[in-house]
Structure formats: C-alpha cells, structure tokens
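> Sending over start-v6.pdb (PDB, C-alpha atoms and all ligand atoms).
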MODEL        1
ATOM      1  CA  MET A 211       0.000   0.000   0.000  1.00  0.00           C
ATOM      2  CA  ASP A 212       1.082   3.505  -0.802  1.00  0.00           C
ATOM      3  CA  VAL A 213       1.351   5.524   2.407  1.00  0.00           C
ATOM      4  CA  ARG A 214       1.930   9.256   2.512  1.00  0.00           C
ATOM      5  CA  ILE A 215       2.715  11.043   5.762  1.00  0.00           C
ATOM      6  CA  THR A 216       2.241  14.789   5.922  1.00  0.00           C
ATOM      7  CA  TYR A 217       3.375  16.803   8.913  1.00  0.00           C
ATOM      8  CA  ARG A 218       1.233  19.827   9.569  1.00  0.00           C
ATOM      9  CA  HIS A 219       0.114  22.276  12.191  1.00  0.00           C
ATOM     10  CA  THR A 220      -2.526  20.008  13.588  1.00  0.00           C
ATOM     11  CA  SER A 221      -3.128  18.733  17.095  1.00  0.00           C
ATOM     12  CA  ARG A 222      -3.861  15.099  16.310  1.00  0.00           C
ATOM     13  CA  LEU A 223      -3.087  12.220  14.010  1.00  0.00           C
ATOM     14  CA  SER A 224      -5.633  11.435  11.324  1.00  0.00           C
ATOM     15  CA  MET A 225      -5.783   9.366   8.186  1.00  0.00           C
ATOM     16  CA  ARG A 226      -7.868   9.000   5.100  1.00  0.00           C
ATOM     17  CA  LEU A 227      -7.827   6.677   2.164  1.00  0.00           C
ATOM     18  CA  LEU A 228      -7.730   8.470  -1.174  1.00  0.00           C
ATOM     19  CA  LYS A 229      -9.651   7.306  -4.227  1.00  0.00           C
ATOM     20  CA  ASN A 230      -6.441   6.075  -5.857  1.00  0.00           C
ATOM     21  CA  GLY A 231      -5.781   3.772  -2.887  1.00  0.00           C
ATOM     22  CA  THR A 232      -3.089   5.889  -1.241  1.00  0.00           C
ATOM     23  CA  LEU A 233      -3.335   6.111   2.543  1.00  0.00           C
ATOM     24  CA  SER A 234      -2.773   9.692   3.598  1.00  0.00           C
ATOM     25  CA  ILE A 235      -1.739  10.228   7.215  1.00  0.00           C
ATOM     26  CA  SER A 236      -1.640  13.683   8.772  1.00  0.00           C
ATOM     27  CA  ALA A 237       0.553  14.085  11.825  1.00  0.00           C
ATOM     28  CA  PRO A 238       1.350  17.036  14.065  1.00  0.00           C
ATOM     29  CA  MET A 239       4.758  18.590  13.372  1.00  0.00           C
ATOM     30  CA  GLY A 240       7.560  16.696  15.102  1.00  0.00           C
ATOM     31  CA  THR A 241       5.608  13.486  15.787  1.00  0.00           C
ATOM     32  CA  PRO A 242       8.134  10.643  16.183  1.00  0.00           C
ATOM     33  CA  ARG A 243       8.016   7.986  13.489  1.00  0.00           C
ATOM     34  CA  SER A 244       7.268   5.289  16.059  1.00  0.00           C
ATOM     35  CA  VAL A 245       4.097   7.103  17.099  1.00  0.00           C
ATOM     36  CA  VAL A 246       2.938   7.349  13.491  1.00  0.00           C
ATOM     37  CA  LEU A 247       3.684   3.642  12.997  1.00  0.00           C
ATOM     38  CA  GLU A 248       1.755   2.736  16.113  1.00  0.00           C
ATOM     39  CA  PHE A 249      -1.194   4.811  14.857  1.00  0.00           C
ATOM     40  CA  PHE A 250      -1.006   2.981  11.549  1.00  0.00           C
ATOM     41  CA  GLU A 251      -0.925  -0.468  13.212  1.00  0.00           C
ATOM     42  CA  ARG A 252      -3.761   0.359  15.572  1.00  0.00           C
ATOM     43  CA  ASN A 253      -6.007   1.470  12.698  1.00  0.00           C
ATOM     44  CA  LYS A 254      -5.440  -1.514  10.429  1.00  0.00           C
ATOM     45  CA  PRO A 255      -9.038  -2.782  10.755  1.00  0.00           C
ATOM     46  CA  TRP A 256     -10.320   0.676   9.768  1.00  0.00           C
ATOM     47  CA  ILE A 257      -7.903   0.781   6.823  1.00  0.00           C
ATOM     48  CA  GLU A 258      -9.070  -2.629   5.617  1.00  0.00           C
ATOM     49  CA  LYS A 259     -12.713  -1.517   5.743  1.00  0.00           C
ATOM     50  CA  ALA A 260     -11.909   1.724   3.950  1.00  0.00           C
ATOM     51  CA  ARG A 261     -10.041  -0.210   1.251  1.00  0.00           C
ATOM     52  CA  GLN A 262     -13.035  -2.416   0.668  1.00  0.00           C
ATOM     53  CA  ARG A 263     -15.294   0.628   0.451  1.00  0.00           C
ATOM     54  CA  VAL A 264     -13.007   2.341  -2.073  1.00  0.00           C
ATOM     55  CA  ALA A 265     -12.854  -0.853  -4.155  1.00  0.00           C
ATOM     56  CA  ARG A 266     -16.650  -1.140  -4.132  1.00  0.00           C
ATOM     57  CA  GLN A 267     -17.013   2.477  -5.217  1.00  0.00           C
ATOM     58  CA  ALA A 268     -14.511   1.948  -8.029  1.00  0.00           C
ATOM     59  CA  GLN A 269     -16.495  -1.060  -9.215  1.00  0.00           C
ATOM     60  CA  THR A 270     -19.749   0.915  -9.126  1.00  0.00           C
ATOM     61  CA  ARG A 271     -18.146   3.684 -11.157  1.00  0.00           C
ATOM     62  CA  GLN A 272     -16.782   1.149 -13.603  1.00  0.00           C
ATOM     63  CA  ASP A 273     -20.234  -0.447 -13.989  1.00  0.00           C
ATOM     64  CA  PHE A 274     -21.879   2.918 -14.535  1.00  0.00           C
ATOM     65  CA  PHE A 275     -19.446   4.417 -17.047  1.00  0.00           C
ATOM     66  CA  GLY A 276     -18.922   1.059 -18.735  1.00  0.00           C
ATOM     67  CA  GLN A 277     -22.504   1.336 -20.009  1.00  0.00           C
ATOM     68  CA  LEU A 278     -21.202   3.680 -22.661  1.00  0.00           C
ATOM     69  CA  PRO A 279     -18.448   1.869 -24.540  1.00  0.00           C
ATOM     70  CA  LEU A 280     -15.986   4.240 -26.196  1.00  0.00           C
ATOM     71  CA  HIS A 281     -13.322   1.835 -27.355  1.00  0.00           C
ATOM     72  CA  THR A 282     -13.498   2.515 -31.074  1.00  0.00           C
ATOM     73  CA  LYS A 283     -13.660   5.652 -33.162  1.00  0.00           C
ATOM     74  CA  ALA A 284     -17.087   4.612 -34.411  1.00  0.00           C
ATOM     75  CA  GLU A 285     -18.414   4.266 -30.866  1.00  0.00           C
ATOM     76  CA  TRP A 286     -17.023   7.669 -29.983  1.00  0.00           C
ATOM     77  CA  SER A 287     -18.504   9.383 -33.069  1.00  0.00           C
ATOM     78  CA  GLU A 288     -21.885   7.804 -32.519  1.00  0.00           C
ATOM     79  CA  ALA A 289     -21.965   8.876 -28.865  1.00  0.00           C
ATOM     80  CA  LEU A 290     -20.797  12.369 -29.758  1.00  0.00           C
ATOM     81  CA  LEU A 291     -23.485  12.736 -32.386  1.00  0.00           C
ATOM     82  CA  GLN A 292     -26.181  11.548 -30.007  1.00  0.00           C
ATOM     83  CA  LEU A 293     -25.104  13.905 -27.265  1.00  0.00           C
ATOM     84  CA  GLN A 294     -24.791  16.887 -29.601  1.00  0.00           C
ATOM     85  CA  ARG A 295     -28.298  16.213 -30.821  1.00  0.00           C
ATOM     86  CA  ILE A 296     -29.542  16.526 -27.240  1.00  0.00           C
ATOM     87  CA  ILE A 297     -27.345  19.416 -26.144  1.00  0.00           C
ATOM     88  CA  ARG A 298     -27.669  21.774 -29.120  1.00  0.00           C
ATOM     89  CA  PRO A 299     -31.348  22.681 -28.645  1.00  0.00           C
ATOM     90  CA  ILE A 300     -30.771  23.041 -24.902  1.00  0.00           C
ATOM     91  CA  LEU A 301     -27.851  25.380 -25.585  1.00  0.00           C
ATOM     92  CA  ASP A 302     -29.838  27.404 -28.091  1.00  0.00           C
ATOM     93  CA  ARG A 303     -32.653  27.889 -25.642  1.00  0.00           C
ATOM     94  CA  HIS A 304     -30.552  28.823 -22.643  1.00  0.00           C
ATOM     95  CA  THR A 305     -27.891  30.963 -24.307  1.00  0.00           C
ATOM     96  CA  GLN A 306     -30.704  33.187 -25.582  1.00  0.00           C
ATOM     97  CA  GLU A 307     -32.564  33.268 -22.319  1.00  0.00           C
ATOM     98  CA  MET A 308     -29.441  33.894 -20.233  1.00  0.00           C
ATOM     99  CA  GLY A 309     -27.825  36.243 -22.706  1.00  0.00           C
ATOM    100  CA  VAL A 310     -24.486  34.415 -22.762  1.00  0.00           C
ATOM    101  CA  MET A 311     -22.495  32.884 -25.589  1.00  0.00           C
ATOM    102  CA  PRO A 312     -19.654  30.404 -25.114  1.00  0.00           C
ATOM    103  CA  SER A 313     -16.739  30.801 -27.528  1.00  0.00           C
ATOM    104  CA  ARG A 314     -16.349  27.079 -27.999  1.00  0.00           C
ATOM    105  CA  ILE A 315     -18.021  23.831 -26.938  1.00  0.00           C
ATOM    106  CA  MET A 316     -15.833  20.792 -26.391  1.00  0.00           C
ATOM    107  CA  TYR A 317     -16.695  17.198 -25.604  1.00  0.00           C
ATOM    108  CA  LYS A 318     -14.406  15.001 -23.528  1.00  0.00           C
ATOM    109  CA  ALA A 319     -14.568  11.530 -22.032  1.00  0.00           C
ATOM    110  CA  THR A 320     -14.218  12.757 -18.463  1.00  0.00           C
ATOM    111  CA  ILE A 321     -15.554  10.701 -15.607  1.00  0.00           C
ATOM    112  CA  SER A 322     -14.464  13.073 -12.868  1.00  0.00           C
ATOM    113  CA  ARG A 323     -16.716  15.908 -13.941  1.00  0.00           C
ATOM    114  CA  TRP A 324     -19.797  16.440 -16.063  1.00  0.00           C
ATOM    115  CA  GLY A 325     -18.795  19.765 -17.461  1.00  0.00           C
ATOM    116  CA  CYS A 326     -16.291  22.546 -17.175  1.00  0.00           C
ATOM    117  CA  CYS A 327     -16.077  26.204 -17.972  1.00  0.00           C
ATOM    118  CA  GLN A 328     -13.141  28.545 -18.546  1.00  0.00           C
ATOM    119  CA  PRO A 329     -14.742  31.908 -17.851  1.00  0.00           C
ATOM    120  CA  ARG A 330     -11.627  33.703 -19.154  1.00  0.00           C
ATOM    121  CA  THR A 331     -11.733  32.129 -22.629  1.00  0.00           C
ATOM    122  CA  ARG A 332     -15.493  31.437 -22.431  1.00  0.00           C
ATOM    123  CA  GLU A 333     -14.888  27.822 -23.427  1.00  0.00           C
ATOM    124  CA  ILE A 334     -17.228  25.157 -22.146  1.00  0.00           C
ATOM    125  CA  CYS A 335     -16.753  21.425 -22.107  1.00  0.00           C
ATOM    126  CA  PHE A 336     -19.111  18.553 -21.525  1.00  0.00           C
ATOM    127  CA  SER A 337     -18.460  14.952 -20.606  1.00  0.00           C
ATOM    128  CA  ILE A 338     -19.572  12.510 -23.252  1.00  0.00           C
ATOM    129  CA  TYR A 339     -20.882  10.400 -20.360  1.00  0.00           C
ATOM    130  CA  LEU A 340     -23.726  12.889 -19.951  1.00  0.00           C
ATOM    131  CA  LEU A 341     -25.447  10.507 -22.348  1.00  0.00           C
ATOM    132  CA  LEU A 342     -25.948   8.202 -19.379  1.00  0.00           C
ATOM    133  CA  LEU A 343     -28.123  10.800 -17.637  1.00  0.00           C
ATOM    134  CA  PRO A 344     -31.763  11.717 -18.261  1.00  0.00           C
ATOM    135  CA  GLU A 345     -32.268  14.810 -20.364  1.00  0.00           C
ATOM    136  CA  TRP A 346     -33.303  17.113 -17.542  1.00  0.00           C
ATOM    137  CA  CYS A 347     -30.059  16.292 -15.706  1.00  0.00           C
ATOM    138  CA  ILE A 348     -28.104  17.046 -18.889  1.00  0.00           C
ATOM    139  CA  GLU A 349     -29.926  20.350 -19.086  1.00  0.00           C
ATOM    140  CA  HIS A 350     -28.913  21.089 -15.506  1.00  0.00           C
ATOM    141  CA  VAL A 351     -25.229  20.624 -16.365  1.00  0.00           C
ATOM    142  CA  VAL A 352     -25.568  22.830 -19.445  1.00  0.00           C
ATOM    143  CA  VAL A 353     -27.199  25.633 -17.462  1.00  0.00           C
ATOM    144  CA  HIS A 354     -24.597  25.221 -14.708  1.00  0.00           C
ATOM    145  CA  GLU A 355     -21.724  25.740 -17.133  1.00  0.00           C
ATOM    146  CA  LEU A 356     -23.466  28.638 -18.896  1.00  0.00           C
ATOM    147  CA  ALA A 357     -24.093  30.230 -15.501  1.00  0.00           C
ATOM    148  CA  HIS A 358     -20.323  30.227 -14.946  1.00  0.00           C
ATOM    149  CA  LEU A 359     -20.067  32.661 -17.859  1.00  0.00           C
ATOM    150  CA  LEU A 360     -22.026  35.052 -15.648  1.00  0.00           C
ATOM    151  CA  VAL A 361     -20.528  34.090 -12.275  1.00  0.00           C
ATOM    152  CA  PRO A 362     -17.231  32.146 -12.361  1.00  0.00           C
ATOM    153  CA  ASN A 363     -17.412  30.710  -8.814  1.00  0.00           C
ATOM    154  CA  HIS A 364     -20.005  28.840  -6.744  1.00  0.00           C
ATOM    155  CA  SER A 365     -21.081  31.835  -4.667  1.00  0.00           C
ATOM    156  CA  ALA A 366     -24.603  32.734  -3.575  1.00  0.00           C
ATOM    157  CA  LYS A 367     -24.780  34.913  -6.656  1.00  0.00           C
ATOM    158  CA  PHE A 368     -24.104  31.871  -8.824  1.00  0.00           C
ATOM    159  CA  TYR A 369     -26.912  29.887  -7.221  1.00  0.00           C
ATOM    160  CA  ALA A 370     -29.235  32.877  -7.620  1.00  0.00           C
ATOM    161  CA  VAL A 371     -28.580  32.598 -11.381  1.00  0.00           C
ATOM    162  CA  MET A 372     -29.355  28.878 -11.164  1.00  0.00           C
ATOM    163  CA  ASP A 373     -32.562  29.591  -9.246  1.00  0.00           C
ATOM    164  CA  ARG A 374     -33.660  31.897 -11.994  1.00  0.00           C
ATOM    165  CA  HIS A 375     -32.751  29.752 -14.999  1.00  0.00           C
ATOM    166  CA  PHE A 376     -33.016  26.204 -13.692  1.00  0.00           C
ATOM    167  CA  PRO A 377     -35.077  26.203 -10.472  1.00  0.00           C
ATOM    168  CA  ARG A 378     -34.841  22.421 -10.080  1.00  0.00           C
ATOM    169  CA  TRP A 379     -31.033  22.482  -9.890  1.00  0.00           C
ATOM    170  CA  ARG A 380     -30.875  20.946  -6.396  1.00  0.00           C
ATOM    171  CA  GLU A 381     -33.117  18.086  -7.429  1.00  0.00           C
ATOM    172  CA  ALA A 382     -31.169  17.529 -10.649  1.00  0.00           C
ATOM    173  CA  ARG A 383     -27.869  17.524  -8.792  1.00  0.00           C
ATOM    174  CA  ALA A 384     -29.153  14.946  -6.304  1.00  0.00           C
ATOM    175  CA  GLU A 385     -30.600  12.793  -9.074  1.00  0.00           C
ATOM    176  CA  THR A 386     -27.329  12.899 -11.016  1.00  0.00           C
ATOM    177  CA  LYS A 387     -25.401  11.821  -7.926  1.00  0.00           C
ATOM    178  CA  ARG A 388     -27.884   9.070  -7.244  1.00  0.00           C
ATOM    179  CA  ILE A 389     -27.741   7.688 -10.780  1.00  0.00           C
ATOM    180  CA  SER A 390     -23.962   7.746 -11.080  1.00  0.00           C
ATOM    181  CA  ARG A 391     -23.341   7.173  -7.354  1.00  0.00           C
ATOM    182  CA  MET A 392     -20.465   9.543  -7.642  1.00  0.00           C
ATOM    183  CA  GLU A 393     -20.492  10.866  -4.122  1.00  0.00           C
ATOM    184  CA  ASP A 394     -17.658  13.255  -4.789  1.00  0.00           C
ATOM    185  CA  HIS A 395     -19.112  14.800  -7.881  1.00  0.00           C
ATOM    186  CA  GLU A 396     -19.290  18.504  -7.574  1.00  0.00           C
ATOM    187  CA  LYS A 397     -22.200  18.976  -9.930  1.00  0.00           C
TER     188      LYS A 397
HETATM  189 ZN    ZN A 401     -19.434  24.805 -11.278  1.00  0.00          ZN
ENDMDL
END
Could you take the file, read its structure, and then write that structure out as structure tokens?

Amino acid sequence: MDVRITYRHTSRLSMRLLKNGTLSISAPMGTPRSVVLEFFERNKPWIEKARQRVARQAQTRQDFFGQLPLHTKAEWSEALLQLQRIIRPILDRHTQEMGVMPSRIMYKATISRWGCCQPRTREICFSIYLLLLPEWCIEHVVVHELAHLLVPNHSAKFYAVMDRHFPRWREARAETKRISRMEDHEK
C-alpha cells in the first residue's frame, strides 16, 4: 500500500484513504516515526474496511461508465453525435434566455466531472458520459456551465442565477449523484 505522511500544524493524528488507494496520514509537526507507525498499526481494521469501500465504489463507477463503450472511433462518433443532438437545442434555448455565448463547446470523455467552464476564454466542455443521464439532468449541467459565464465561482450569486434559470437544480444535482453514485461529484 502507498502511504503518505504529511506533517502539519494540527493537534492530532488522522488518516484517510484516497480514491487512488493511497493512505494519507496527517501528523502534528515533530511526531516521532514510532508514534505514526503505532497509529497505523492500531487502525489496520479501519484501513481494511476503507479499502473495501473504495474498491466497491470503483467497481460501481466502472459499472456505470462502462454502459457507454468508447473503445473505437465509431463508438465515440456515434456517442458524440447523439449527445450533440440533445445538447444543441438546450444550448440554443438557454444561451438566448441567459444572454451568454460560449466561444467554444468541447466534448471530452471525463468521468471526474460532467462539465467545465473557462470563464476567461469562455470555453465550455461537456463529458460525453452525460449521455448516461436523463435529459433534464443534462440540461442542468448545461445551465450550470453557462451560468459560470455570468458568475465564475459557486457563490450565492451563482446559485441565484441557477434559481432563476433552472429552479430544479438541487433536485437535478441529487438525481445525477444518485444515478452515477459519484459521491464526490461537484455537480
Ligand atoms: Zn461549477
């Protein structure tokens, strides 16, 4: 197992298992190595449980994203075409209504996020895996990224824009998380 020890200004030892399987231990500055080792040994049952949980989550993710095979160029083009067919009318509707215009729309096979926005260049990207979501959840992601052209961060002002242009955003976000079981997904 990959173990990473970080010494920081903290008052106690703590650990967490990262998604990639690395065990990250935080220790107060100056903690002797033997104390860290003892902490590690004592928490082995917890580590084992956490490893099983991470493995289960990885399998769930694999099962979900594996529903859209993208191994060949043909599979990719077909998926891209399908998604563009869904997204274009949504974009047309909302860019008009919100008064924003992205400079470029890109599609990527990202599993870590559904969309992204570079407010500086006004470029927007969407994950091809949006195809695995119902249309209203796709629409939520589109409006979310367009809203970043108005407000770059996730401040109250941003969510006020969401309230105005996609009032069901909370529901859509929860539904998206439920479907993909991506607990860490931001959107
Ligand atoms: Zn965002």
> Using all atoms listed in the file, which of the listed residues (A:Pro362, A:Gln306, A:Val352, A:Ile300) sits closest to Arg330 of chain A?
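Checking each of A:Pro362, A:Gln306, A:Val352, A:Ile300 against Arg330 of chain A, counting all atoms listed in the file, the winner is A:Pro362.
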> What would the selection look like, as a ChimeraX atom specification, if the PyMOL selection byres (((chain A and resi 243-260) around 9) and not hetatm) were run on the coordinates I just shared?
/A:215,223-227,233,235,237,240-242,261-265
> Hey, which residues sit close to ligand ZN 401 (chain A)? Say within 9 Å, counting only C-alpha atoms and all ligand atoms, and write them as a PyMOL selection string.
chain A and resi 325-327+351+354-355+357-358+362-364+368+396-397
> Give me, as a PDB file with C-alpha atoms, keeping the file's coordinate frame, all polymer residues having an atom no more than 10 Å from Gln277 of chain A, counting all atoms listed in the file and skipping those fewer than 6 positions away in the same chain.

ATOM      1  CA  TYR A 339     -20.882  10.400 -20.360  1.00  0.00           C
ATOM      2  CA  LEU A 341     -25.447  10.507 -22.348  1.00  0.00           C
ATOM      3  CA  LEU A 342     -25.948   8.202 -19.379  1.00  0.00           C
TER       4      LEU A 342
END
> Assuming the chain letters and numbering stay as they are in my file, what does the PyMOL selection byres (((chain A and resi 218) around 7) and not hetatm) actually select? List them as a list in words.
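Those residues are Thr216, Tyr217, His219, Thr220, Ser236, Ala237, Pro238 and Met239 of chain A.
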> My list of candidates is A:Gly276, A:Ala289, A:Phe376, A:Ser313. Which is closest to Ser337 of chain A when distances are computed with all atoms listed in the file?
A:Ala289
> Would you compute the distance between atom CA of Thr305 of chain A and atom CA of Leu278 of chain A? Give it in Å to one decimal.
28.1 Å
> Can you tell me how far atom CA of Asn230 of chain A sits from atom CA of Arg214 of chain A, in Å to one decimal?
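These two atoms are separated by 12.3 Å.
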> Could you check how far atom CA of Ile334 of chain A sits from atom CA of Ile315 of chain A, in Å to one decimal?
5.0 Å
> Step by step, work through what the PyMOL selection byres (((chain A and resi 316) around 7) and not hetatm) selects in the shown file, and finish by giving those residues as a ChimeraX atom specification.
/A:314-315,317-318,334-336
> Compare A:Tyr369, A:Pro329, A:Arg383, A:Ile338 by their minimum atom-to-atom distance to His350 of chain A, counting only C-alpha atoms, and give me the closest one.
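The shortest atom-to-atom distance to His350 of chain A comes from A:Arg383.
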> Considering all atoms listed in the file, can you say which of A:Pro377, A:Pro279, A:Val353, A:Thr270 comes closest to Ile297 of chain A?
A:Val353
